[in-house]
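For reference, the structure discussed in these notes is given below.
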Amino acid sequence: MATSVPDIATVIEELSGRFLGRFGIVAISDADENGREIIEVFVAGDTAEAVESLPRSAAGFLIKVRRGGRIVPHAGS
Amino acid sequence: MGAVSIVHCRGFRPYLAMGESGAHYALAKTGGFGTVGGFAADLQSSLLLAVSNNHVFANDNNANANDPLVCAAGPFGGLVRYHPLQMLPAVNDLDGVVGWISEAHRMTAPVPVNGTRPATRGLRVKKFGAASGYTTGVVAATAMTASIPYDKLGNLNFRRCLRIEGNQGPFSVPGDSGSLVLDSRNAVVGIIFAGDETSGYSLANPVEALTGLLNIAF
């Protein structure tokens with residue numbers, strides 16, 4: 001019996017409900033890696049706690065952790 | 001040298017340019033600004049409206065209809081409506097707003113905006129921002145969620161954002177909020193509202209949210 005593959009945006013939103021704002025995670029994103037869809041998790045600061053806490057994959061999409069900064073509104077002053 | 005006299009020119013109308021700086025008057029008083037992203041038809045009236053972010057023209061939900069909007073040369077119009085930014089646990093789809101433009105102003109744009117198109121990963125894009133001017137980049141993601149600290153509202157969550165990588169340095173910097181993201185044929189694909197502090201990628205809301213939630217058309 002065929003099983004339907006969930007849309008990556010839906011998987012990202014489900015992951016975000018559990019992880020966004022925790023362990024320094026500021027964003028979760030789709031990405032292309034050599035033609036394959038993966039999930040990237042952006043962490044502000046040390047990534048060790050996020051790497052330990054996150055699953056290796058979700059719904060068949062590989063999860064990779066990337067270090068970055070905070071994301072801020074782009075108004076100037 | 002003879003005396004200098006001031007002659008009032010009949011018919012002089014200041015310009016309001018796509019990509020120039022603009023802000024809600026209260027934000028401008030504190031030195032804050034963003035970008036007049038561009039112009040869109042209001043589907044609820046016959047007006048042509050200026051488009052930007054809630055946090056630029058509506059001061060993080062802290063604004064009323066007809067509040068003055070200002071550009072570098074002074075007031076240019078007033079607030080029409082904004083999509084409210086929602087606090088946790090809600091998730092936001094748009095940081096967007098539209099304002100009316102006074103009849104005294106003429107609108108101008110560096111390129112003619114040519115409809116809309118949905119973003120896809122790998123799409124080459126550009127923008128005209130008040131802080132960094134013309135930049136180009138590539139859409140790296142179309143389904144990004146993000147937790148973003150807003151000055152007056154605390155951390156807000158967003159979903160289905162576009163992540164844009166600049167081709168030469170950041171695609172946008174503080175002051176570029178509200179810039180429309182255009183493809184190579186000048187179709188609108190999104191609106192810039194945030195960016196990463198260190199690695200230089202930018203976040204935009206997709207054009208479907210911008211037009212659908214504000215009831216406008218390009």
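Residues are referred to by chain and number: the chain letter is A, B, ... according to the order shown in the structure tokens, the number counts from 1 in that chain, and ligands are numbered separately from 1 in the order shown.
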
Shell around Met107 in chain B at 12 Å using only C-alpha atoms, local window under 5 positions removed, as a VMD selection string: chain B and resid 13 to 20 36 to 40 48 to 50 76 100 to 102 112

With a distance threshold of 9 Å and counting only C-alpha atoms, extract the residues of chain B near chain A and express them as an NGL selection string. :B and (28 or 30-35 or 55-56 or 121-122 or 131 or 140-151 or 155 or 157 or 159-161 or 163 or 172-178 or 192-199 or 202-203)

Could those selected residues go to a file with N, CA and C atoms, as a tab-separated table (two decimals), in the first residue's frame?
chain	number	residue	atom	x	y	z
B	28	ALA	N	9.68	57.30	13.15
B	28	ALA	CA	10.62	58.27	12.60
B	28	ALA	C	11.14	59.22	13.67
B	30	THR	N	11.96	58.56	16.58
B	30	THR	CA	13.05	57.91	17.31
B	30	THR	C	14.25	57.60	16.41
B	31	GLY	N	14.16	58.04	15.17
B	31	GLY	CA	15.26	57.79	14.24
B	31	GLY	C	15.10	56.49	13.46
B	32	GLY	N	14.01	55.75	13.71
B	32	GLY	CA	13.81	54.48	13.01
B	32	GLY	C	13.25	54.68	11.61
B	33	PHE	N	13.55	53.77	10.75
B	33	PHE	CA	13.01	53.83	9.40
B	33	PHE	C	13.07	52.46	8.74
B	34	GLY	N	12.31	52.32	7.69
B	34	GLY	CA	12.38	51.14	6.82
B	34	GLY	C	12.30	51.63	5.39
B	35	THR	N	11.69	50.81	4.55
B	35	THR	CA	11.67	51.11	3.13
B	35	THR	C	10.24	51.18	2.61
B	55	HIS	N	6.03	46.63	11.11
B	55	HIS	CA	6.96	47.23	12.08
B	55	HIS	C	7.59	48.53	11.57
B	56	VAL	N	7.31	48.88	10.31
B	56	VAL	CA	7.82	50.14	9.74
B	56	VAL	C	6.72	51.21	9.69
B	121	ARG	N	12.78	27.59	-4.78
B	121	ARG	CA	14.20	27.54	-4.42
B	121	ARG	C	15.04	27.67	-5.69
B	122	GLY	N	16.08	28.50	-5.60
B	122	GLY	CA	16.96	28.72	-6.75
B	122	GLY	C	16.60	29.93	-7.59
B	131	ALA	N	18.40	51.22	2.79
B	131	ALA	CA	19.71	51.20	3.45
B	131	ALA	C	20.80	50.66	2.53
B	140	ALA	N	16.85	30.64	-1.22
B	140	ALA	CA	17.44	29.38	-0.75
B	140	ALA	C	16.39	28.48	-0.10
B	141	ALA	N	15.27	29.06	0.35
B	141	ALA	CA	14.24	28.27	1.02
B	141	ALA	C	12.90	28.99	0.89
B	142	THR	N	11.83	28.21	0.90
B	142	THR	CA	10.49	28.80	0.77
B	142	THR	C	9.56	28.40	1.91
B	143	ALA	N	10.08	27.65	2.87
B	143	ALA	CA	9.22	27.16	3.96
B	143	ALA	C	9.89	27.32	5.32
B	144	MET	N	10.57	28.44	5.49
B	144	MET	CA	11.33	28.66	6.74
B	144	MET	C	10.40	29.15	7.85
B	145	THR	N	10.60	28.61	9.03
B	145	THR	CA	9.96	29.16	10.22
B	145	THR	C	11.05	29.89	11.01
B	146	ALA	N	10.66	30.91	11.76
B	146	ALA	CA	11.67	31.66	12.50
B	146	ALA	C	11.06	32.29	13.74
B	147	SER	N	11.91	32.42	14.76
B	147	SER	CA	11.55	33.11	15.99
B	147	SER	C	12.32	34.43	16.00
B	148	ILE	N	11.58	35.55	16.02
B	148	ILE	CA	12.21	36.85	15.80
B	148	ILE	C	11.83	37.81	16.92
B	149	PRO	N	12.82	38.43	17.57
B	149	PRO	CA	12.51	39.38	18.65
B	149	PRO	C	12.10	40.75	18.10
B	150	TYR	N	10.88	41.16	18.43
B	150	TYR	CA	10.39	42.50	18.06
B	150	TYR	C	10.50	43.40	19.29
B	151	ASP	N	10.92	44.64	19.05
B	151	ASP	CA	11.16	45.57	20.16
B	151	ASP	C	9.97	45.68	21.11
B	155	ASN	N	9.30	38.03	21.35
B	155	ASN	CA	9.57	37.06	20.29
B	155	ASN	C	8.28	36.70	19.55
B	157	ASN	N	6.75	34.29	16.25
B	157	ASN	CA	7.05	33.19	15.34
B	157	ASN	C	6.43	33.45	13.97
B	159	ARG	N	6.06	31.66	9.83
B	159	ARG	CA	6.14	30.43	9.06
B	159	ARG	C	6.13	30.75	7.56
B	160	ARG	N	6.54	29.75	6.79
B	160	ARG	CA	6.51	29.81	5.32
B	160	ARG	C	7.20	31.06	4.79
B	161	CYS	N	8.35	31.38	5.42
B	161	CYS	CA	9.14	32.52	4.96
B	161	CYS	C	10.08	32.09	3.83
B	163	ARG	N	13.84	32.37	2.50
B	163	ARG	CA	15.20	32.70	2.95
B	163	ARG	C	16.00	33.07	1.71
B	172	SER	N	19.94	42.06	2.38
B	172	SER	CA	19.34	43.24	3.02
B	172	SER	C	20.02	43.50	4.35
B	173	VAL	N	19.89	44.74	4.82
B	173	VAL	CA	20.47	45.15	6.11
B	173	VAL	C	19.40	45.97	6.84
B	174	PRO	N	19.60	46.26	8.15
B	174	PRO	CA	18.61	47.09	8.84
B	174	PRO	C	18.35	48.41	8.10
B	175	GLY	N	17.07	48.70	7.92
B	175	GLY	CA	16.64	49.85	7.11
B	175	GLY	C	16.01	49.43	5.80
B	176	ASP	N	16.23	48.17	5.42
B	176	ASP	CA	15.66	47.65	4.17
B	176	ASP	C	14.30	46.99	4.38
B	177	SER	N	13.84	46.88	5.62
B	177	SER	CA	12.53	46.27	5.87
B	177	SER	C	11.44	46.91	5.02
B	178	GLY	N	10.65	46.09	4.39
B	178	GLY	CA	9.58	46.59	3.53
B	178	GLY	C	9.91	46.52	2.06
B	192	ILE	N	10.70	41.85	2.12
B	192	ILE	CA	11.72	41.69	3.16
B	192	ILE	C	11.21	42.19	4.51
B	193	PHE	N	11.48	41.43	5.59
B	193	PHE	CA	11.11	41.95	6.91
B	193	PHE	C	12.15	41.67	7.99
B	194	ALA	N	13.12	40.82	7.74
B	194	ALA	CA	14.08	40.49	8.79
B	194	ALA	C	15.35	39.91	8.15
B	195	GLY	N	16.35	39.71	9.02
B	195	GLY	CA	17.59	39.12	8.52
B	195	GLY	C	18.44	38.60	9.66
B	196	ASP	N	19.35	37.71	9.31
B	196	ASP	CA	20.26	37.13	10.28
B	196	ASP	C	21.36	38.15	10.61
B	197	GLU	N	21.68	38.26	11.90
B	197	GLU	CA	22.64	39.28	12.32
B	197	GLU	C	24.07	38.97	11.89
B	198	THR	N	24.39	37.70	11.67
B	198	THR	CA	25.78	37.36	11.41
B	198	THR	C	26.05	36.79	10.02
B	199	SER	N	25.19	35.89	9.55
B	199	SER	CA	25.55	35.22	8.31
B	199	SER	C	24.95	35.84	7.06
B	202	SER	N	18.53	36.87	4.42
B	202	SER	CA	17.36	37.71	4.68
B	202	SER	C	16.10	36.86	4.69
B	203	LEU	N	15.09	37.35	5.39
B	203	LEU	CA	13.79	36.68	5.40
B	203	LEU	C	12.76	37.58	4.75

Residues of chain A classed as strand (DSSP E or B) by DSSP on the backbone are to be reported as a PyMOL selection string. chain A and resi 25-33+36-44+57-58+61-68+71-73+76

What would the file look like if the residues just selected were written as an mmCIF file, in the first residue's frame with C-alpha atoms?
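Dumped to part.cif:
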data_model
loop_
_atom_site.group_PDB
_atom_site.id
_atom_site.type_symbol
_atom_site.label_atom_id
_atom_site.label_comp_id
_atom_site.auth_asym_id
_atom_site.auth_seq_id
_atom_site.Cartn_x
_atom_site.Cartn_y
_atom_site.Cartn_z
ATOM 1 C CA ILE A 25 17.077 27.352 17.697
ATOM 2 C CA VAL A 26 16.020 30.519 15.842
ATOM 3 C CA ALA A 27 14.817 29.060 12.540
ATOM 4 C CA ILE A 28 13.993 25.819 10.740
ATOM 5 C CA SER A 29 14.157 25.750 6.978
ATOM 6 C CA ASP A 30 13.905 23.676 3.861
ATOM 7 C CA ALA A 31 17.027 23.479 1.695
ATOM 8 C CA ASP A 32 18.447 21.748 -1.343
ATOM 9 C CA GLU A 33 21.503 19.544 -0.877
ATOM 10 C CA ARG A 36 17.769 16.408 -2.340
ATOM 11 C CA GLU A 37 15.344 18.247 -0.032
ATOM 12 C CA ILE A 38 16.635 18.466 3.528
ATOM 13 C CA ILE A 39 15.759 20.382 6.683
ATOM 14 C CA GLU A 40 18.203 22.907 8.131
ATOM 15 C CA VAL A 41 17.990 24.014 11.742
ATOM 16 C CA PHE A 42 19.598 27.391 12.493
ATOM 17 C CA VAL A 43 21.055 27.860 15.954
ATOM 18 C CA ALA A 44 22.299 31.133 17.470
ATOM 19 C CA SER A 57 15.616 13.044 10.385
ATOM 20 C CA ALA A 58 11.898 13.772 10.235
ATOM 21 C CA PHE A 61 13.969 14.424 5.502
ATOM 22 C CA LEU A 62 17.572 14.585 6.768
ATOM 23 C CA ILE A 63 18.058 17.250 9.466
ATOM 24 C CA LYS A 64 21.253 19.321 9.550
ATOM 25 C CA VAL A 65 22.178 21.916 12.156
ATOM 26 C CA ARG A 66 23.717 25.247 11.091
ATOM 27 C CA ARG A 67 25.251 27.862 13.335
ATOM 28 C CA GLY A 68 24.112 31.453 12.776
ATOM 29 C CA ILE A 71 17.225 36.902 13.249
ATOM 30 C CA VAL A 72 16.043 40.474 13.736
ATOM 31 C CA PRO A 73 13.520 42.773 12.032
ATOM 32 C CA GLY A 76 17.030 50.773 10.701
#

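Take CA of Leu210 in chain B and CA of Arg106 in chain B: the distance between them is 23.5 Å.
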